[in-house]
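Source file: protein-v1.pdb. Holds: PDB, C-alpha atoms, pLDDT in the B column.
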ATOM      1  CA  MET A   1      -2.035 -14.617  16.551  1.00 51.00           C
ATOM      2  CA  SER A   2       0.618 -15.589  14.038  1.00 54.00           C
ATOM      3  CA  ARG A   3       3.973 -13.820  14.365  1.00 83.00           C
ATOM      4  CA  LYS A   4       5.006 -14.410  10.758  1.00 90.00           C
ATOM      5  CA  PRO A   5       5.285 -11.462   8.369  1.00 93.00           C
ATOM      6  CA  VAL A   6       2.253 -10.479   6.304  1.00 95.00           C
ATOM      7  CA  VAL A   7       3.018  -9.713   2.656  1.00 96.00           C
ATOM      8  CA  ARG A   8       0.335  -8.316   0.371  1.00 96.00           C
ATOM      9  CA  MET A   9       0.132  -6.948  -3.144  1.00 98.00           C
ATOM     10  CA  ALA A  10      -2.431  -4.295  -3.992  1.00 98.00           C
ATOM     11  CA  GLU A  11      -3.384  -3.793  -7.625  1.00 98.00           C
ATOM     12  CA  LEU A  12      -5.144  -0.491  -8.228  1.00 98.00           C
ATOM     13  CA  GLU A  13      -6.477   1.416 -11.183  1.00 98.00           C
ATOM     14  CA  ILE A  14      -6.820   5.167 -10.759  1.00 98.00           C
ATOM     15  CA  ASP A  15      -9.004   7.647 -12.633  1.00 98.00           C
ATOM     16  CA  PRO A  16      -6.455   9.153 -15.072  1.00 97.00           C
ATOM     17  CA  ASP A  17      -7.797  12.670 -14.425  1.00 98.00           C
ATOM     18  CA  MET A  18      -6.986  12.268 -10.723  1.00 98.00           C
ATOM     19  CA  LEU A  19      -3.646  10.497 -11.038  1.00 98.00           C
ATOM     20  CA  ASP A  20      -1.415  13.342  -9.804  1.00 98.00           C
ATOM     21  CA  ALA A  21      -3.587  13.943  -6.726  1.00 98.00           C
ATOM     22  CA  TYR A  22      -3.726  10.203  -6.019  1.00 98.00           C
ATOM     23  CA  ARG A  23       0.052   9.825  -6.275  1.00 98.00           C
ATOM     24  CA  ALA A  24       0.590  12.694  -3.834  1.00 98.00           C
ATOM     25  CA  LEU A  25      -1.816  11.178  -1.275  1.00 98.00           C
ATOM     26  CA  LEU A  26      -0.281   7.706  -1.678  1.00 98.00           C
ATOM     27  CA  THR A  27       3.238   9.067  -1.181  1.00 98.00           C
ATOM     28  CA  GLU A  28       2.133  10.945   1.952  1.00 98.00           C
ATOM     29  CA  GLU A  29       0.483   7.809   3.370  1.00 98.00           C
ATOM     30  CA  ILE A  30       3.460   5.540   2.650  1.00 98.00           C
ATOM     31  CA  GLU A  31       5.946   7.965   4.180  1.00 98.00           C
ATOM     32  CA  ALA A  32       3.829   8.350   7.345  1.00 98.00           C
ATOM     33  CA  SER A  33       3.283   4.596   7.683  1.00 98.00           C
ATOM     34  CA  VAL A  34       6.977   3.706   7.437  1.00 97.00           C
ATOM     35  CA  ARG A  35       8.003   6.574   9.729  1.00 98.00           C
ATOM     36  CA  LEU A  36       5.338   6.122  12.429  1.00 98.00           C
ATOM     37  CA  GLU A  37       4.553   2.390  12.516  1.00 98.00           C
ATOM     38  CA  ALA A  38       7.170  -0.049  13.791  1.00 97.00           C
ATOM     39  CA  GLY A  39       5.167  -2.944  12.321  1.00 97.00           C
ATOM     40  CA  VAL A  40       5.257  -1.566   8.769  1.00 98.00           C
ATOM     41  CA  LEU A  41       8.455  -3.116   7.441  1.00 96.00           C
ATOM     42  CA  SER A  42       8.144  -1.771   3.899  1.00 96.00           C
ATOM     43  CA  LEU A  43       5.710  -0.235   1.450  1.00 97.00           C
ATOM     44  CA  SER A  44       6.697   0.132  -2.192  1.00 97.00           C
ATOM     45  CA  ALA A  45       4.475   1.639  -4.896  1.00 98.00           C
ATOM     46  CA  VAL A  46       5.104   1.512  -8.630  1.00 98.00           C
ATOM     47  CA  SER A  47       3.096   2.326 -11.735  1.00 98.00           C
ATOM     48  CA  ILE A  48       2.963   0.356 -14.962  1.00 98.00           C
ATOM     49  CA  ARG A  49       5.202   2.293 -17.360  1.00 97.00           C
ATOM     50  CA  ASP A  50       2.897   2.311 -20.395  1.00 97.00           C
ATOM     51  CA  ASP A  51      -0.282   2.558 -18.312  1.00 97.00           C
ATOM     52  CA  PRO A  52       0.558   4.849 -15.354  1.00 97.00           C
ATOM     53  CA  ASN A  53      -2.940   4.799 -13.860  1.00 98.00           C
ATOM     54  CA  ARG A  54      -2.301   1.124 -12.972  1.00 98.00           C
ATOM     55  CA  ILE A  55      -0.540   1.145  -9.582  1.00 98.00           C
ATOM     56  CA  ARG A  56       0.968  -1.793  -7.695  1.00 98.00           C
ATOM     57  CA  ILE A  57       1.851  -1.648  -4.002  1.00 98.00           C
ATOM     58  CA  LEU A  58       3.953  -4.286  -2.230  1.00 98.00           C
ATOM     59  CA  GLU A  59       3.208  -4.210   1.494  1.00 97.00           C
ATOM     60  CA  VAL A  60       5.247  -5.987   4.194  1.00 97.00           C
ATOM     61  CA  TYR A  61       4.095  -5.990   7.821  1.00 97.00           C
ATOM     62  CA  ALA A  62       5.786  -7.586  10.836  1.00 96.00           C
ATOM     63  CA  ASP A  63       2.717  -9.744  11.504  1.00 96.00           C
ATOM     64  CA  GLN A  64      -1.081  -9.823  11.298  1.00 95.00           C
ATOM     65  CA  ASP A  65      -1.425  -7.552  14.349  1.00 97.00           C
ATOM     66  CA  ALA A  66       0.762  -4.914  12.680  1.00 97.00           C
ATOM     67  CA  TYR A  67      -1.330  -5.102   9.501  1.00 96.00           C
ATOM     68  CA  GLU A  68      -4.588  -4.733  11.425  1.00 97.00           C
ATOM     69  CA  ALA A  69      -3.166  -1.820  13.443  1.00 98.00           C
ATOM     70  CA  HIS A  70      -2.107  -0.114  10.188  1.00 98.00           C
ATOM     71  CA  LEU A  71      -5.702  -0.182   8.943  1.00 98.00           C
ATOM     72  CA  ARG A  72      -6.805   1.859  11.999  1.00 98.00           C
ATOM     73  CA  THR A  73      -4.166   4.612  11.837  1.00 98.00           C
ATOM     74  CA  PRO A  74      -5.245   8.209  11.152  1.00 98.00           C
ATOM     75  CA  HIS A  75      -2.933   8.508   8.132  1.00 97.00           C
ATOM     76  CA  PHE A  76      -4.303   5.342   6.491  1.00 98.00           C
ATOM     77  CA  LEU A  77      -7.921   6.315   7.181  1.00 98.00           C
ATOM     78  CA  LYS A  78      -7.257   9.792   5.690  1.00 98.00           C
ATOM     79  CA  TYR A  79      -5.770   8.164   2.588  1.00 98.00           C
ATOM     80  CA  LYS A  80      -8.780   5.831   2.185  1.00 97.00           C
ATOM     81  CA  VAL A  81     -11.325   8.651   2.535  1.00 98.00           C
ATOM     82  CA  GLU A  82      -9.502  11.137   0.297  1.00 98.00           C
ATOM     83  CA  THR A  83      -8.749   8.628  -2.489  1.00 98.00           C
ATOM     84  CA  ALA A  84     -12.113   6.821  -2.480  1.00 96.00           C
ATOM     85  CA  GLY A  85     -13.377   8.639  -5.578  1.00 97.00           C
ATOM     86  CA  MET A  86     -10.054   8.251  -7.400  1.00 98.00           C
ATOM     87  CA  VAL A  87      -9.713   4.457  -7.274  1.00 98.00           C
ATOM     88  CA  THR A  88     -11.686   2.736 -10.040  1.00 98.00           C
ATOM     89  CA  SER A  89     -10.474  -0.784  -9.226  1.00 98.00           C
ATOM     90  CA  LEU A  90      -8.757  -2.408  -6.236  1.00 97.00           C
ATOM     91  CA  THR A  91      -7.591  -6.003  -5.884  1.00 98.00           C
ATOM     92  CA  LEU A  92      -5.779  -7.163  -2.742  1.00 96.00           C
ATOM     93  CA  LEU A  93      -3.698 -10.300  -3.144  1.00 95.00           C
ATOM     94  CA  GLU A  94      -2.248 -12.436  -0.379  1.00 89.00           C
ATOM     95  CA  VAL A  95       1.220 -13.350  -1.619  1.00 94.00           C
ATOM     96  CA  ASP A  96       4.024 -15.556  -0.339  1.00 92.00           C
ATOM     97  CA  PRO A  97       7.553 -14.168  -0.365  1.00 91.00           C
ATOM     98  CA  ILE A  98      10.147 -16.093  -2.307  1.00 92.00           C
ATOM     99  CA  ALA A  99      13.194 -13.869  -1.913  1.00 92.00           C
ATOM    100  CA  MET A 100      13.005 -10.379  -0.457  1.00 89.00           C
ATOM    101  CA  ARG A 101      16.190  -8.530   0.436  1.00 89.00           C
ATOM    102  CA  ALA A 102      17.055  -4.895   0.998  1.00 84.00           C
ATOM    103  CA  LYS A 103      20.156  -3.047   1.961  1.00 86.00           C
ATOM    104  CA  PRO A 104      19.885  -1.218   5.298  1.00 79.00           C
TER     105      PRO A 104
END

Final structure tokens representation of the file:
Amino acid sequence: MSRKPVVRMAELEIDPDMLDAYRALLTEEIEASVRLEAGVLSLSAVSIRDDPNRIRILEVYADQDAYEAHLRTPHFLKYKVETAGMVTSLTLLEVDPIAMRAKP
């Protein structure tokens, strides 16, 4: 299995009537993932300013094994089940990092 980092971009559209509930569940899932999973290097979610039901999530995992383990965690599975009826569109993009830096 490859040991290189896995970087993904998720593009979501959320039912506007469920946006507040979705944002709360997403925040809970991101916080749990970063806190509990060593292989989750970063998760960042933003909304499009003039179209807040369009969400973008940048995901960085230590490697493919860490990504696959993330998909099986109780907090991610809870998020998927509880947001299933809120997400009207989901596109997952494999992306290649160009320059990614963060202060510790």

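Minimum atom-to-atom distances from A:Lys80, A:Arg3, A:Arg8, A:His75 to Ser44 of chain A were compared using all atoms listed in the file, and the lowest value belongs to A:Arg8.
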
For Thr91 of chain A: contacts at 7 Å, all atoms listed in the file, fewer than 2 positions along chain excluded, given as an MDAnalysis selection string: chainID A and resid 10:12 89 93

Gap from atom CA of Glu31 of chain A to atom CA of Phe76 of chain A - Å, one decimal: 10.8 Å

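Using all atoms listed in the file, the nearest neighbour of Thr88 of chain A within the list A:Ser47, A:Asn53, A:Gln64, A:Thr73 is A:Asn53.
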
Apply the PyMOL selection byres ((chain A and resi 34-38) around 9) to the displayed file and report the matching residues as a PyMOL selection string. chain A and resi 29-33+39-43+61-62+66+69-70

Residue selection dump (C-alpha atoms) as a CSV table (one decimal), in the frame of the given file:
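Listed below is the output, out17.csv:
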chain,number,residue,atom,x,y,z
A,29,GLU,CA,0.5,7.8,3.4
A,30,ILE,CA,3.5,5.5,2.6
A,31,GLU,CA,5.9,8.0,4.2
A,32,ALA,CA,3.8,8.4,7.3
A,33,SER,CA,3.3,4.6,7.7
A,39,GLY,CA,5.2,-2.9,12.3
A,40,VAL,CA,5.3,-1.6,8.8
A,41,LEU,CA,8.5,-3.1,7.4
A,42,SER,CA,8.1,-1.8,3.9
A,43,LEU,CA,5.7,-0.2,1.4
A,61,TYR,CA,4.1,-6.0,7.8
A,62,ALA,CA,5.8,-7.6,10.8
A,66,ALA,CA,0.8,-4.9,12.7
A,69,ALA,CA,-3.2,-1.8,13.4
A,70,HIS,CA,-2.1,-0.1,10.2

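Taking only C-alpha atoms into account, Pro52 of chain A lies nearest to A:Arg23 out of the set A:Arg101, A:Lys4, A:Arg23, A:Lys78.
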
Compile the contact shell of Met86 of chain A as a list in words: residues with an atom at most 12 Å away, counting all atoms listed in the file, same-chain residues fewer than 4 positions apart removed. Leu12, Glu13, Ile14, Asp15, Pro16, Asp17, Met18, Leu19, Asp20, Ala21, Tyr22, Arg23, Leu25, Leu26, Asn53, Arg54, Tyr79, Lys80, Val81, Glu82 and Leu90 of chain A

Correct to one decimal, the distance atom CA of Ala45 of chain A-atom CA of Leu58 of chain A is 6.5 Å

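Atom CA of Thr83 of chain A to atom CA of Val46 of chain A spans 16.7 Å [interatomic distance, one decimal].
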
Kindly provide, as AutoDock Vina command-line options, the centre and edge lengths (Å, one decimal) of an axis-aligned box around all atoms of segment 67-79 of chain A given in the file, with 8 Å on each side.
--center_x -4.6 --center_y 2.3 --center_z 8.0 --size_x 22.6 --size_y 30.9 --size_z 26.9

Using the partial input, fill out segment 4-15 of chain A with all heavy atoms; write the result as a PDB file, in the frame of the given file.
ATOM      1  N   LYS A   4       4.276 -14.449  12.019  1.00 90.00           N
ATOM      2  CA  LYS A   4       5.006 -14.410  10.758  1.00 90.00           C
ATOM      3  C   LYS A   4       4.642 -13.146   9.984  1.00 90.00           C
ATOM      4  O   LYS A   4       3.546 -12.602  10.123  1.00 90.00           O
ATOM      5  CB  LYS A   4       4.740 -15.661   9.932  1.00 90.00           C
ATOM      6  CG  LYS A   4       3.353 -15.777   9.361  1.00 90.00           C
ATOM      7  CD  LYS A   4       3.220 -17.040   8.524  1.00 90.00           C
ATOM      8  CE  LYS A   4       1.855 -17.037   7.848  1.00 90.00           C
ATOM      9  NZ  LYS A   4       1.701 -18.114   6.911  1.00 90.00           N
ATOM     10  N   PRO A   5       5.562 -12.668   9.143  1.00 93.00           N
ATOM     11  CA  PRO A   5       5.285 -11.462   8.369  1.00 93.00           C
ATOM     12  C   PRO A   5       4.074 -11.625   7.454  1.00 93.00           C
ATOM     13  O   PRO A   5       3.787 -12.728   6.985  1.00 93.00           O
ATOM     14  CB  PRO A   5       6.562 -11.267   7.533  1.00 93.00           C
ATOM     15  CG  PRO A   5       7.619 -12.015   8.277  1.00 93.00           C
ATOM     16  CD  PRO A   5       6.924 -13.165   8.937  1.00 93.00           C
ATOM     17  N   VAL A   6       3.379 -10.529   7.229  1.00 95.00           N
ATOM     18  CA  VAL A   6       2.253 -10.479   6.304  1.00 95.00           C
ATOM     19  C   VAL A   6       2.731  -9.705   5.076  1.00 95.00           C
ATOM     20  O   VAL A   6       3.210  -8.577   5.201  1.00 95.00           O
ATOM     21  CB  VAL A   6       1.035  -9.782   6.949  1.00 95.00           C
ATOM     22  CG1 VAL A   6      -0.058  -9.544   5.922  1.00 95.00           C
ATOM     23  CG2 VAL A   6       0.515 -10.605   8.115  1.00 95.00           C
ATOM     24  N   VAL A   7       2.623 -10.345   3.916  1.00 96.00           N
ATOM     25  CA  VAL A   7       3.018  -9.713   2.656  1.00 96.00           C
ATOM     26  C   VAL A   7       1.793  -9.687   1.759  1.00 96.00           C
ATOM     27  O   VAL A   7       1.126 -10.701   1.577  1.00 96.00           O
ATOM     28  CB  VAL A   7       4.176 -10.485   1.983  1.00 96.00           C
ATOM     29  CG1 VAL A   7       4.605  -9.774   0.698  1.00 96.00           C
ATOM     30  CG2 VAL A   7       5.358 -10.635   2.939  1.00 96.00           C
ATOM     31  N   ARG A   8       1.507  -8.494   1.226  1.00 96.00           N
ATOM     32  CA  ARG A   8       0.335  -8.316   0.371  1.00 96.00           C
ATOM     33  C   ARG A   8       0.726  -7.525  -0.864  1.00 96.00           C
ATOM     34  O   ARG A   8       1.655  -6.727  -0.829  1.00 96.00           O
ATOM     35  CB  ARG A   8      -0.763  -7.562   1.115  1.00 96.00           C
ATOM     36  CG  ARG A   8      -1.250  -8.278   2.361  1.00 96.00           C
ATOM     37  CD  ARG A   8      -2.232  -7.432   3.122  1.00 96.00           C
ATOM     38  NE  ARG A   8      -3.385  -7.122   2.307  1.00 96.00           N
ATOM     39  CZ  ARG A   8      -4.588  -7.671   2.456  1.00 96.00           C
ATOM     40  NH1 ARG A   8      -4.791  -8.530   3.408  1.00 96.00           N
ATOM     41  NH2 ARG A   8      -5.584  -7.349   1.681  1.00 96.00           N
ATOM     42  N   MET A   9      -0.024  -7.731  -1.920  1.00 98.00           N
ATOM     43  CA  MET A   9       0.132  -6.948  -3.144  1.00 98.00           C
ATOM     44  C   MET A   9      -1.228  -6.313  -3.436  1.00 98.00           C
ATOM     45  O   MET A   9      -2.237  -7.008  -3.470  1.00 98.00           O
ATOM     46  CB  MET A   9       0.546  -7.848  -4.307  1.00 98.00           C
ATOM     47  CG  MET A   9       0.603  -7.153  -5.651  1.00 98.00           C
ATOM     48  SD  MET A   9       1.977  -6.028  -5.846  1.00 98.00           S
ATOM     49  CE  MET A   9       3.354  -7.146  -5.829  1.00 98.00           C
ATOM     50  N   ALA A  10      -1.219  -5.010  -3.608  1.00 98.00           N
ATOM     51  CA  ALA A  10      -2.431  -4.295  -3.992  1.00 98.00           C
ATOM     52  C   ALA A  10      -2.299  -3.884  -5.448  1.00 98.00           C
ATOM     53  O   ALA A  10      -1.275  -3.332  -5.851  1.00 98.00           O
ATOM     54  CB  ALA A  10      -2.630  -3.065  -3.108  1.00 98.00           C
ATOM     55  N   GLU A  11      -3.319  -4.191  -6.227  1.00 98.00           N
ATOM     56  CA  GLU A  11      -3.384  -3.793  -7.625  1.00 98.00           C
ATOM     57  C   GLU A  11      -4.506  -2.780  -7.759  1.00 98.00           C
ATOM     58  O   GLU A  11      -5.662  -3.104  -7.482  1.00 98.00           O
ATOM     59  CB  GLU A  11      -3.649  -5.000  -8.526  1.00 98.00           C
ATOM     60  CG  GLU A  11      -2.578  -6.063  -8.435  1.00 98.00           C
ATOM     61  CD  GLU A  11      -2.849  -7.272  -9.317  1.00 98.00           C
ATOM     62  OE1 GLU A  11      -4.031  -7.511  -9.665  1.00 98.00           O
ATOM     63  OE2 GLU A  11      -1.894  -7.969  -9.646  1.00 98.00           O
ATOM     64  N   LEU A  12      -4.154  -1.563  -8.139  1.00 98.00           N
ATOM     65  CA  LEU A  12      -5.144  -0.491  -8.228  1.00 98.00           C
ATOM     66  C   LEU A  12      -5.174   0.102  -9.623  1.00 98.00           C
ATOM     67  O   LEU A  12      -4.154   0.142 -10.315  1.00 98.00           O
ATOM     68  CB  LEU A  12      -4.811   0.646  -7.250  1.00 98.00           C
ATOM     69  CG  LEU A  12      -4.774   0.290  -5.779  1.00 98.00           C
ATOM     70  CD1 LEU A  12      -3.362   0.001  -5.340  1.00 98.00           C
ATOM     71  CD2 LEU A  12      -5.343   1.423  -4.970  1.00 98.00           C
ATOM     72  N   GLU A  13      -6.343   0.581  -9.998  1.00 98.00           N
ATOM     73  CA  GLU A  13      -6.477   1.416 -11.183  1.00 98.00           C
ATOM     74  C   GLU A  13      -7.065   2.733 -10.710  1.00 98.00           C
ATOM     75  O   GLU A  13      -8.005   2.757  -9.912  1.00 98.00           O
ATOM     76  CB  GLU A  13      -7.353   0.745 -12.229  1.00 98.00           C
ATOM     77  CG  GLU A  13      -6.678  -0.481 -12.813  1.00 98.00           C
ATOM     78  CD  GLU A  13      -7.346  -1.031 -14.042  1.00 98.00           C
ATOM     79  OE1 GLU A  13      -8.059  -0.279 -14.736  1.00 98.00           O
ATOM     80  OE2 GLU A  13      -7.135  -2.219 -14.307  1.00 98.00           O
ATOM     81  N   ILE A  14      -6.475   3.822 -11.207  1.00 98.00           N
ATOM     82  CA  ILE A  14      -6.820   5.167 -10.759  1.00 98.00           C
ATOM     83  C   ILE A  14      -7.427   5.941 -11.922  1.00 98.00           C
ATOM     84  O   ILE A  14      -6.973   5.812 -13.068  1.00 98.00           O
ATOM     85  CB  ILE A  14      -5.548   5.896 -10.251  1.00 98.00           C
ATOM     86  CG1 ILE A  14      -4.785   5.041  -9.229  1.00 98.00           C
ATOM     87  CG2 ILE A  14      -5.883   7.272  -9.701  1.00 98.00           C
ATOM     88  CD1 ILE A  14      -5.585   4.594  -8.026  1.00 98.00           C
ATOM     89  N   ASP A  15      -8.428   6.753 -11.628  1.00 98.00           N
ATOM     90  CA  ASP A  15      -9.004   7.647 -12.633  1.00 98.00           C
ATOM     91  C   ASP A  15      -7.864   8.500 -13.199  1.00 98.00           C
ATOM     92  O   ASP A  15      -7.199   9.213 -12.441  1.00 98.00           O
ATOM     93  CB  ASP A  15     -10.059   8.528 -11.970  1.00 98.00           C
ATOM     94  CG  ASP A  15     -10.714   9.503 -12.929  1.00 98.00           C
ATOM     95  OD1 ASP A  15     -10.079   9.911 -13.929  1.00 98.00           O
ATOM     96  OD2 ASP A  15     -11.867   9.885 -12.654  1.00 98.00           O
TER      97      ASP A  15
END
